[in-house]
$ cat entry_38.tsv   # TSV, C-alpha atoms and all ligand atoms
chain	number	residue	atom	x	y	z
C	1101	MET	CA	-14.41	-13.20	3.12
C	1102	LYS	CA	-13.54	-13.48	-0.57
C	1103	SER	CA	-10.02	-12.92	-1.91
C	1104	VAL	CA	-8.06	-9.99	-3.33
C	1105	LEU	CA	-6.79	-10.88	-6.82
C	1106	VAL	CA	-3.95	-9.15	-8.70
C	1107	TYR	CA	-3.27	-9.39	-12.45
C	1108	CYS	CA	0.53	-9.59	-12.87
C	1109	GLU	CA	2.32	-8.43	-16.00
C	1110	VAL	CA	5.40	-10.33	-17.13
C	1111	GLU	CA	7.95	-10.08	-19.91
C	1112	ASN	CA	11.01	-12.29	-20.41
C	1113	GLN	CA	10.37	-14.11	-17.11
C	1114	LYS	CA	10.49	-10.82	-15.14
C	1115	VAL	CA	7.41	-9.76	-13.19
C	1116	ALA	CA	6.78	-6.05	-13.85
C	1117	ASP	CA	7.49	-3.49	-11.11
C	1118	ILE	CA	3.88	-2.31	-11.20
C	1119	SER	CA	2.68	-5.86	-10.46
C	1120	GLN	CA	5.03	-6.13	-7.48
C	1121	GLU	CA	3.66	-2.81	-6.21
C	1122	LEU	CA	0.08	-4.07	-6.67
C	1123	LEU	CA	0.84	-7.31	-4.84
C	1124	SER	CA	2.10	-5.26	-1.88
C	1125	ALA	CA	-1.03	-3.07	-1.94
C	1126	GLY	CA	-3.19	-6.18	-2.39
C	1127	LYS	CA	-1.59	-7.82	0.65
C	1128	ARG	CA	-2.38	-4.79	2.81
C	1129	LEU	CA	-6.03	-4.93	1.68
C	1130	ALA	CA	-6.20	-8.71	2.20
C	1131	GLN	CA	-4.85	-8.31	5.74
C	1132	LYS	CA	-7.51	-5.67	6.51
C	1133	LEU	CA	-10.18	-8.00	5.14
C	1134	ASP	CA	-8.61	-11.06	6.76
C	1135	CYS	CA	-8.77	-12.88	3.43
C	1136	SER	CA	-6.31	-14.50	1.01
C	1137	LEU	CA	-4.24	-12.74	-1.64
C	1138	GLU	CA	-4.32	-14.35	-5.07
C	1139	ALA	CA	-2.56	-13.52	-8.32
C	1140	MET	CA	-2.77	-14.48	-11.99
C	1141	ILE	CA	0.01	-14.36	-14.55
C	1142	PHE	CA	-0.04	-15.24	-18.25
C	1143	GLY	CA	3.07	-15.44	-20.42
C	1144	LYS	CA	5.67	-17.85	-21.74
C	1145	GLU	CA	8.35	-19.99	-20.03
C	1146	LEU	CA	6.99	-19.20	-16.58
C	1147	LYS	CA	8.61	-22.13	-14.76
C	1148	ASN	CA	9.43	-21.02	-11.17
C	1149	ILE	CA	7.75	-17.62	-11.68
C	1150	GLU	CA	6.14	-18.13	-8.25
C	1151	ASN	CA	9.56	-17.39	-6.71
C	1152	GLN	CA	9.12	-13.74	-7.73
C	1153	ILE	CA	5.49	-13.57	-6.59
C	1154	ALA	CA	5.17	-15.65	-3.40
C	1155	PRO	CA	7.32	-13.30	-1.23
C	1156	TYR	CA	4.59	-10.66	-1.48
C	1157	GLY	CA	2.40	-12.96	0.61
C	1158	VAL	CA	0.44	-14.53	-2.25
C	1159	ASP	CA	-1.62	-17.55	-1.16
C	1160	LYS	CA	-2.64	-18.81	-4.59
C	1161	LEU	CA	-1.15	-18.15	-8.04
C	1162	PHE	CA	-2.87	-18.97	-11.34
C	1163	VAL	CA	-0.31	-19.49	-14.12
C	1164	GLY	CA	-1.13	-19.56	-17.84
C	1165	ASP	CA	2.07	-20.64	-19.61
C	1166	ASP	CA	1.99	-20.72	-23.41
C	1167	THR	CA	4.34	-19.19	-26.03
C	1168	ARG	CA	1.33	-17.48	-27.62
C	1169	LEU	CA	0.60	-15.48	-24.44
C	1170	GLU	CA	3.67	-13.26	-24.77
C	1171	PRO	CA	3.84	-10.50	-25.88
C	1172	TYR	CA	0.45	-9.46	-24.49
C	1173	ARG	CA	-2.60	-9.60	-26.70
C	1174	THR	CA	-6.04	-8.56	-25.47
C	1175	LEU	CA	-8.28	-11.52	-26.33
C	1176	PRO	CA	-6.34	-14.49	-24.92
C	1177	HIS	CA	-5.44	-12.63	-21.71
C	1178	ALA	CA	-9.03	-11.43	-21.30
C	1179	ALA	CA	-10.35	-14.98	-21.79
C	1180	LEU	CA	-7.98	-16.41	-19.15
C	1181	ALA	CA	-8.48	-13.61	-16.62
C	1182	THR	CA	-12.27	-13.78	-16.97
C	1183	GLU	CA	-12.14	-17.52	-16.37
C	1184	VAL	CA	-10.09	-17.05	-13.18
C	1185	LEU	CA	-12.51	-14.37	-11.94
C	1186	LYS	CA	-15.53	-16.57	-12.58
C	1187	LYS	CA	-13.91	-19.50	-10.81
C	1188	GLU	CA	-12.51	-17.62	-7.80
C	1189	ASP	CA	-15.21	-14.96	-7.42
C	1190	PRO	CA	-12.81	-12.48	-5.69
C	1191	GLN	CA	-14.00	-9.44	-3.78
C	1192	ILE	CA	-11.34	-7.10	-5.20
C	1193	VAL	CA	-9.32	-7.23	-8.44
C	1194	LEU	CA	-6.34	-4.96	-9.16
C	1195	PHE	CA	-4.60	-4.08	-12.43
C	1196	GLY	CA	-1.76	-1.69	-13.27
C	1197	ALA	CA	-2.80	1.53	-14.99
C	1198	THR	CA	-0.35	0.60	-17.74
C	1199	SER	CA	-1.11	0.21	-21.44
C	1200	VAL	CA	-1.82	-3.49	-20.74
C	1201	GLY	CA	-3.98	-2.90	-17.63
C	1202	ARG	CA	-5.89	-0.04	-19.27
C	1203	ASP	CA	-6.68	-2.30	-22.20
C	1204	LEU	CA	-7.54	-5.41	-20.20
C	1205	ALA	CA	-9.37	-4.20	-17.07
C	1206	PRO	CA	-12.38	-2.54	-18.80
C	1207	ARG	CA	-12.87	-5.62	-20.98
C	1208	ILE	CA	-12.97	-7.86	-17.92
C	1209	ALA	CA	-15.20	-5.45	-15.98
C	1210	SER	CA	-17.62	-5.63	-18.88
C	1211	ALA	CA	-17.37	-9.45	-19.12
C	1212	VAL	CA	-18.21	-9.94	-15.43
C	1213	ASN	CA	-20.61	-6.97	-15.34
C	1214	CYS	CA	-19.02	-4.87	-12.58
C	1215	GLY	CA	-17.51	-1.40	-12.20
C	1216	LEU	CA	-13.92	-0.21	-12.54
C	1217	THR	CA	-12.15	2.79	-11.01
C	1218	ALA	CA	-9.16	3.92	-13.05
C	1219	ASP	CA	-5.89	5.54	-11.93
C	1220	CYS	CA	-6.31	5.21	-8.16
C	1221	THR	CA	-3.68	6.78	-5.94
C	1222	VAL	CA	-4.93	5.32	-2.63
C	1223	LEU	CA	-6.69	2.04	-1.87
C	1224	ASP	CA	-8.35	1.31	1.45
C	1225	ILE	CA	-11.12	-0.68	3.08
C	1226	GLY	CA	-14.14	0.85	4.82
C	1227	ASP	CA	-17.88	0.82	5.32
C	1228	HIS	CA	-20.58	2.78	3.48
C	1229	PHE	CA	-24.09	3.70	4.56
C	1230	VAL	CA	-26.56	3.89	1.65
C	1231	LYS	CA	-29.25	6.37	2.72
C	1232	LYS	CA	-31.82	5.22	0.17
C	1233	GLU	CA	-31.64	1.64	1.39
C	1234	LYS	CA	-31.01	2.60	5.05
C	1235	LYS	CA	-28.34	-0.05	5.00
C	1236	GLU	CA	-24.67	-0.11	5.91
C	1237	TYR	CA	-22.36	-2.08	3.61
C	1238	LYS	CA	-19.21	-3.35	5.33
C	1239	ASN	CA	-15.64	-3.90	4.15
C	1240	LEU	CA	-15.83	-2.20	0.78
C	1241	LEU	CA	-12.95	-1.09	-1.42
C	1242	TYR	CA	-12.33	2.65	-1.17
C	1243	ALA	CA	-10.89	3.45	-4.62
C	1244	ILE	CA	-9.46	6.94	-4.10
C	1245	ARG	CA	-8.20	9.19	-6.91
C	1246	PRO	CA	-7.94	12.87	-7.82
C	1247	ALA	CA	-10.98	14.16	-9.74
C	1248	PHE	CA	-12.15	17.38	-11.39
C	1249	GLY	CA	-8.65	18.33	-12.46
C	1250	GLY	CA	-7.23	17.44	-9.05
C	1251	SER	CA	-9.40	19.87	-7.09
C	1252	ILE	CA	-10.85	17.03	-5.01
C	1253	MET	CA	-9.88	13.53	-3.96
C	1254	ALA	CA	-12.83	11.30	-4.90
C	1255	ASN	CA	-13.55	8.17	-2.89
C	1256	ILE	CA	-15.27	5.84	-5.31
C	1257	ILE	CA	-17.26	3.05	-3.66
C	1258	ASN	CA	-19.09	0.26	-5.39
C	1259	TRP	CA	-21.37	-1.44	-2.87
C	1260	ASP	CA	-23.85	-3.31	-5.01
C	1261	MET	CA	-21.67	-5.09	-7.56
C	1262	HIS	CA	-18.65	-7.26	-7.22
C	1263	PRO	CA	-15.83	-7.79	-7.75
C	1264	GLN	CA	-14.72	-4.23	-7.04
C	1265	MET	CA	-12.00	-3.45	-9.55
C	1266	ALA	CA	-9.36	-0.74	-9.77
C	1267	THR	CA	-6.29	0.23	-11.76
C	1268	VAL	CA	-3.32	1.89	-10.05
C	1269	ARG	CA	-0.57	3.92	-11.68
C	1270	GLU	CA	3.04	2.77	-11.59
C	1271	GLY	CA	5.15	4.04	-8.68
C	1272	VAL	CA	2.20	5.04	-6.50
C	1273	MET	CA	2.19	2.00	-4.20
C	1274	LYS	CA	5.29	0.98	-2.28
C	1275	LYS	CA	6.87	-2.44	-3.00
C	1276	GLU	CA	7.07	-4.44	0.24
C	1277	ILE	CA	8.22	-8.04	0.56
C	1278	PHE	CA	5.91	-9.74	3.06
C	1279	ASP	CA	7.92	-12.91	3.74
C	1280	LYS	CA	10.73	-14.07	1.47
C	1281	ASN	CA	9.98	-17.70	2.38
C	1282	TYR	CA	6.21	-17.47	1.81
C	1283	VAL	CA	4.79	-20.51	0.07
C	1284	THR	CA	2.13	-20.09	-2.59
C	1285	GLU	CA	-0.17	-22.69	-4.11
C	1286	VAL	CA	0.44	-22.76	-7.87
C	1287	VAL	CA	-2.53	-23.58	-10.10
C	1288	ASN	CA	-1.49	-24.29	-13.70
C	1289	ILE	CA	-4.25	-23.32	-16.09
C	1290	ASP	CA	-5.04	-25.58	-19.01
C	1291	VAL	CA	-4.73	-22.74	-21.52
C	1292	ASN	CA	-5.95	-24.71	-24.54
C	1293	LYS	CA	-9.21	-25.48	-22.80
C	1294	ILE	CA	-10.01	-21.78	-22.38
C	1295	ILE	CA	-8.60	-19.89	-25.34
C	1296	LYS	CA	-9.77	-20.44	-28.87
C	1297	GLU	CA	-7.99	-20.02	-32.20
C	1298	GLU	CA	-10.00	-16.86	-32.93
C	1299	ASP	CA	-8.54	-15.23	-29.77
C	1300	PHE	CA	-5.32	-14.91	-31.79
C	1301	VAL	CA	-6.92	-13.04	-34.66
C	1302	VAL	CA	-4.61	-10.08	-33.91
C	1303	LYS	CA	-1.07	-10.89	-35.07
C	1304	ILE	CA	1.99	-9.04	-33.81
C	1305	ILE	CA	4.03	-8.35	-36.91
C	1306	GLU	CA	6.76	-6.22	-35.38
C	1307	ARG	CA	7.63	-4.71	-32.01
C	1308	HIS	CA	9.77	-1.64	-31.52
C	1309	ILE	CA	10.97	-0.98	-28.00
C	1310	GLU	CA	12.30	2.49	-27.41
C	1311	GLU	CA	15.07	2.36	-24.81
C	1312	SER	CA	15.27	5.41	-22.60
C	1313	ASP	CA	18.25	6.32	-20.47
C	1314	VAL	CA	16.03	8.50	-18.27
C	1315	ASN	CA	15.39	6.87	-14.91
C	1316	ILE	CA	13.85	9.44	-12.63
C	1317	LYS	CA	11.71	6.80	-10.88
C	1318	ASP	CA	14.66	5.27	-9.04
C	1319	ALA	CA	16.91	8.35	-8.80
C	1320	PRO	CA	17.94	9.06	-5.19
C	1321	ILE	CA	18.25	12.80	-5.89
C	1322	ILE	CA	16.02	14.84	-8.21
C	1323	VAL	CA	16.42	18.47	-9.14
C	1324	ALA	CA	13.04	19.42	-10.58
C	1325	GLY	CA	12.19	22.61	-12.38
C	1326	GLY	CA	8.90	24.30	-13.10
C	1327	TYR	CA	7.54	27.06	-15.28
C	1328	GLY	CA	9.46	29.48	-13.06
C	1329	VAL	CA	12.74	28.24	-14.58
C	1330	GLY	CA	11.76	30.34	-17.58
C	1331	SER	CA	13.42	28.58	-20.53
C	1332	LYS	CA	15.02	25.42	-21.87
C	1333	GLU	CA	18.43	27.09	-21.61
C	1334	ASN	CA	17.90	27.90	-17.93
C	1335	PHE	CA	17.29	24.20	-17.26
C	1336	GLN	CA	21.04	23.73	-17.82
C	1337	LEU	CA	21.52	25.29	-14.39
C	1338	LEU	CA	19.39	22.52	-12.87
C	1339	GLN	CA	21.30	19.93	-14.90
C	1340	ASP	CA	24.60	21.29	-13.52
C	1341	LEU	CA	23.33	20.96	-9.95
C	1342	ALA	CA	21.93	17.47	-10.61
C	1343	ASP	CA	25.23	16.33	-12.18
C	1344	LEU	CA	27.15	17.64	-9.20
C	1345	LEU	CA	24.87	15.85	-6.70
C	1346	GLY	CA	24.65	12.63	-8.76
C	1347	GLY	CA	20.95	13.12	-9.43
C	1348	GLU	CA	18.47	13.43	-12.28
C	1349	VAL	CA	16.55	16.42	-13.61
C	1350	GLY	CA	12.75	16.33	-13.50
C	1351	GLY	CA	10.03	18.85	-14.18
C	1352	SER	CA	6.46	19.97	-13.75
C	1353	ARG	CA	3.89	19.63	-16.50
C	1354	ALA	CA	3.96	23.38	-17.10
C	1355	ALA	CA	7.71	23.08	-17.80
C	1356	VAL	CA	7.05	20.14	-20.16
C	1357	ASP	CA	4.20	21.95	-21.94
C	1358	ALA	CA	6.42	25.00	-22.39
C	1359	GLY	CA	9.04	22.77	-24.06
C	1360	PHE	CA	11.67	23.39	-21.35
C	1361	ILE	CA	12.08	19.65	-20.67
C	1362	ASP	CA	11.07	16.30	-22.20
C	1363	HIS	CA	7.84	14.55	-21.21
C	1364	ASP	CA	9.65	11.46	-19.89
C	1365	ARG	CA	10.96	13.66	-17.07
C	1366	GLN	CA	7.53	14.94	-15.98
C	1367	ILE	CA	6.67	14.30	-12.35
C	1368	GLY	CA	3.13	14.11	-11.04
C	1369	GLN	CA	-0.29	12.68	-11.60
C	1370	THR	CA	0.14	12.34	-15.35
C	1371	GLY	CA	3.89	11.84	-15.18
C	1372	THR	CA	6.10	9.67	-13.00
C	1373	THR	CA	5.65	9.15	-9.26
C	1374	VAL	CA	8.98	9.49	-7.44
C	1375	ARG	CA	10.24	8.99	-3.87
C	1376	PRO	CA	13.86	10.21	-3.85
C	1377	LYS	CA	15.93	10.86	-0.75
C	1378	LEU	CA	16.23	14.51	-1.85
C	1379	TYR	CA	13.82	16.48	-4.06
C	1380	ILE	CA	14.77	20.03	-4.99
C	1381	ALA	CA	11.77	21.88	-6.47
C	1382	ALA	CA	12.92	25.02	-8.27
C	1383	GLY	CA	10.30	27.40	-9.65
C	1384	ILE	CA	7.46	24.95	-9.00
C	1385	SER	CA	4.29	26.27	-7.38
C	1386	GLY	CA	3.09	22.94	-5.92
C	1387	ALA	CA	-0.22	22.15	-7.65
C	1388	ILE	CA	-1.86	18.98	-6.30
C	1389	GLN	CA	-1.23	17.20	-9.61
C	1390	HIS	CA	2.48	17.81	-9.13
C	1391	THR	CA	2.73	17.05	-5.41
C	1392	ALA	CA	0.80	13.78	-5.95
C	1393	GLY	CA	3.92	12.53	-7.69
C	1394	MET	CA	6.63	13.68	-5.23
C	1395	GLN	CA	5.09	14.20	-1.78
C	1396	ASP	CA	6.65	11.00	-0.39
C	1397	SER	CA	10.20	12.25	-1.04
C	1398	SER	CA	12.32	11.96	2.13
C	1399	LEU	CA	13.56	15.56	2.06
C	1400	ILE	CA	12.09	18.41	0.01
C	1401	ILE	CA	13.80	21.74	-0.65
C	1402	SER	CA	11.77	24.42	-2.38
C	1403	ILE	CA	13.41	27.32	-4.21
C	1404	ASN	CA	10.76	29.90	-5.04
C	1405	ASN	CA	10.55	33.69	-5.24
C	1406	ASP	CA	7.03	33.55	-3.83
C	1407	ALA	CA	7.09	32.93	-0.08
C	1408	GLU	CA	3.43	31.87	-0.25
C	1409	ALA	CA	3.90	29.18	-2.96
C	1410	PRO	CA	1.87	26.09	-1.88
C	1411	ILE	CA	4.90	23.80	-2.29
C	1412	ASN	CA	6.55	25.61	0.63
C	1413	LYS	CA	4.01	24.06	3.02
C	1414	LEU	CA	5.18	20.60	1.95
C	1415	ALA	CA	8.89	21.45	1.90
C	1416	ASP	CA	11.31	20.68	4.74
C	1417	TYR	CA	13.44	23.69	3.73
C	1418	VAL	CA	12.39	26.78	1.78
C	1419	ILE	CA	14.81	29.06	0.00
C	1420	ASN	CA	12.93	32.23	-0.83
C	1421	GLY	CA	14.59	33.85	-3.83
C	1422	ASP	CA	15.30	33.88	-7.55
C	1423	LEU	CA	16.47	30.42	-8.65
C	1424	ALA	CA	18.87	32.04	-11.14
C	1425	GLU	CA	20.75	33.46	-8.14
C	1426	VAL	CA	20.18	30.65	-5.63
C	1427	ILE	CA	21.27	27.64	-7.73
C	1428	PRO	CA	24.70	29.04	-8.77
C	1429	LYS	CA	25.33	29.79	-5.08
C	1430	MET	CA	24.37	26.21	-4.15
C	1431	ILE	CA	26.73	24.86	-6.82
C	1432	LYS	CA	29.55	27.11	-5.65
C	1433	PHE	CA	28.99	26.22	-1.99
C	1434	TYR	CA	28.80	22.49	-2.73
C	1435	LYS	CA	31.99	22.52	-4.82
C	1436	LYS	CA	33.80	24.41	-2.07
C	1437	ASN	CA	32.68	22.17	0.78
C	1438	ALA	CA	32.32	18.69	-0.75
C	1439	LYS	CA	35.41	16.56	-0.71
S	1501	LIG	P1	3.36	27.48	-12.07
S	1501	LIG	O1	2.16	27.06	-11.33
S	1501	LIG	O2	3.24	28.56	-13.08
S	1501	LIG	O3	4.42	27.92	-10.97
S	1501	LIG	C1	5.65	28.53	-11.24
S	1501	LIG	C2	6.32	28.82	-9.90
S	1501	LIG	O4	7.61	29.34	-10.13
S	1501	LIG	C3	5.57	29.84	-9.05
S	1501	LIG	O5	5.41	29.34	-7.73
S	1501	LIG	C4	6.49	31.07	-9.04
S	1501	LIG	O6	6.42	31.79	-7.82
S	1501	LIG	C5	7.84	30.41	-9.24
S	1501	LIG	N1	8.85	31.28	-9.88
S	1501	LIG	C6	8.69	32.07	-10.96
S	1501	LIG	N2	9.87	32.66	-11.30
S	1501	LIG	C7	10.78	32.22	-10.38
S	1501	LIG	C8	12.16	32.47	-10.17
S	1501	LIG	N3	12.87	33.26	-11.00
S	1501	LIG	N4	12.77	31.87	-9.12
S	1501	LIG	C9	12.09	31.07	-8.26
S	1501	LIG	N5	10.77	30.79	-8.43
S	1501	LIG	C10	10.13	31.35	-9.47
S	1501	LIG	N6	1.39	19.16	-13.24
S	1501	LIG	C11	2.50	18.47	-12.96
S	1501	LIG	O7	3.52	19.05	-12.57
S	1501	LIG	N7	2.53	17.12	-13.14
S	1501	LIG	C12	1.46	16.42	-13.56
S	1501	LIG	O8	1.56	15.19	-13.70
S	1501	LIG	C13	0.26	17.12	-13.84
S	1501	LIG	N8	-0.85	16.47	-14.23
S	1501	LIG	C14	-2.00	17.19	-14.41
S	1501	LIG	C15	-3.17	16.50	-14.73
S	1501	LIG	C16	-4.35	17.19	-14.89
S	1501	LIG	C17	-5.61	16.43	-15.20
S	1501	LIG	C18	-4.37	18.61	-14.76
S	1501	LIG	C19	-5.65	19.38	-14.93
S	1501	LIG	C20	-3.21	19.29	-14.47
S	1501	LIG	C21	-2.02	18.60	-14.30
S	1501	LIG	N9	-0.83	19.26	-13.98
S	1501	LIG	C22	0.28	18.53	-13.69
S	1501	LIG	C23	-0.71	20.75	-14.03
S	1501	LIG	C24	-0.81	21.41	-12.67
S	1501	LIG	O9	-2.15	21.68	-12.36
S	1501	LIG	C25	-0.04	22.75	-12.68
S	1501	LIG	O10	-0.55	23.56	-13.71
S	1501	LIG	C26	1.47	22.61	-12.87
S	1501	LIG	O11	1.99	21.66	-11.95
S	1501	LIG	C27	2.12	23.96	-12.61
S	1501	LIG	O12	3.48	23.86	-12.91
S	1501	LIG	P2	4.52	24.85	-12.26
S	1501	LIG	O13	4.46	24.76	-10.78
S	1501	LIG	O14	5.83	24.58	-12.91
S	1501	LIG	O15	4.04	26.27	-12.81
$ encode --input "entry_38.tsv" --output "structure tokens" --more "lines below"
Ligand code: FAD
Amino acid sequence: MKSVLVYCEVENQKVADISQELLSAGKRLAQKLDCSLEAMIFGKELKNIENQIAPYGVDKLFVGDDTRLEPYRTLPHAALATEVLKKEDPQIVLFGATSVGRDLAPRIASAVNCGLTADCTVLDIGDHFVKKEKKEYKNLLYAIRPAFGGSIMANIINWDMHPQMATVREGVMKKEIFDKNYVTEVVNIDVNKIIKEEDFVVKIIERHIEESDVNIKDAPIIVAGGYGVGSKENFQLLQDLADLLGGEVGGSRAAVDAGFIDHDRQIGQTGTTVRPKLYIAAGISGAIQHTAGMQDSSLIISINNDAEAPINKLADYVINGDLAEVIPKMIKFYKKNAK
């Protein structure tokens, strides 16, 4: 069986979270296929970078180390990744659905003439019977993602081309160290042999990195509000509760679209995927695009004036009532009882 190969993103000697998540997902697929997990990483000053990658159970790591490879530029990375794909001929290749992965993956899919499924939320292995050919194909990648506005989960299978490639959004897959002492074979790529001067035709003149103090992805407690909160001012109530509990405020897309809350706090399919210990959903109906981003929370409390709201089916506790009355009571009760 051929390998599973993951493209790792790196900046300032730190492997990106999304790449660590993909390595974990890649290992699970490789175990199902009983094949090796491989990775490729291109950047600068990558000495000992394998220490961050090997623990995910990576058997072979291709390293392209050259000052010109960081920050990311399309052409040199595409040239190196394509070369690795041609040499290794993997069965599955995974990229992050980040600005880098979204730029790079289609270019490589085109270079090696195969398909690409974008923004997967689940990856699995299975068989597929092709009626026309009366033939069953074994051990294929099931690239699963919401489609038609989230009304269905589509299982996208590519049986006649390989590699099978997919991008996965950040936060969707769980990071899992496989073995902290795992040993990987490091293959140093002779970068100058592969990339040409014209691959650097795009020059980076200036980079501006916007620092954000919003970190809903790692917050242990999230108080999220939806369209039912009613206004930007009413969100202060949610902020008060979040401050009291030591959590962050998040929101649904409807709340973002209505201008109640900033986009960097949106949770769901087109926002951030979160897994807090406690998720309080206030005035959120529970559309699939929202629940896709919070359904793995350890404990979910729904506050909704509609007893039939779909989110209530997912919630561990449901408080049926007007959030404008319920939240002040929660704050009062917490202040009274917490030491
Ligand atoms: P609504 O569906 O309007 O629900 C409001 C809820 O508040 C209702 O359940 C109501 O009973 C309750 N309510 C009203 N007043 C009160 C009150 N006073 N007290 C208590 N409860 C009250 N959505 C996301 O959230 N995240 C995404 O990432 C996302 N991505 C999308 C991607 C695509 C391609 C598409 C098509 C849609 C996407 N959506 C996303 C939108 C999604 O389909 C829903 O429209 C959205 O989640 C609804 O937000 P909501 O629950 O806040 O609003």
$ closest_residue --input "entry_38.tsv" --among "C:Val1200, C:Asn1239, C:Asp1117, C:Arg1353" --to "Leu1175 of chain C" --atoms "all atoms listed in the file"
C:Val1200
$ closest_residue --input "entry_38.tsv" --among "C:Glu1150, C:Glu1425, C:Glu1298, C:Glu1333" --to "ligand LIG 1501 (chain S)" --atoms "all atoms listed in the file"
C:Glu1425
$ residues_near_ligand --input "entry_38.tsv" --ligand "ligand LIG 1501 (chain S)" --cutoff "6 Å" --atoms "only C-alpha atoms and all ligand atoms" --output "JSON, numbers by chain"
{"C": [1249, 1326, 1327, 1328, 1352, 1353, 1354, 1355, 1367, 1368, 1369, 1370, 1371, 1383, 1384, 1385, 1386, 1387, 1389, 1390, 1403, 1404, 1405, 1406, 1409, 1421, 1422, 1423]}
$ residues_around --input "entry_38.tsv" --residues "segment 1193-1199 of chain C" --least-positions-apart "4" --cutoff "7 Å" --atoms "all atoms listed in the file" --output "list in words"
Val1104, Leu1105, Val1106, Tyr1107, Ile1118, Ser1119, Leu1122, Asp1203, Ala1205, Asp1219, Pro1263, Gln1264, Met1265, Ala1266, Thr1267, Val1268, Arg1269 and Glu1270 of chain C
$ closest_residue --input "entry_38.tsv" --among "C:Ile1294, C:Leu1241, C:Val1286, C:Val1356" --to "Asn1148 of chain C" --atoms "all atoms listed in the file"
C:Val1286
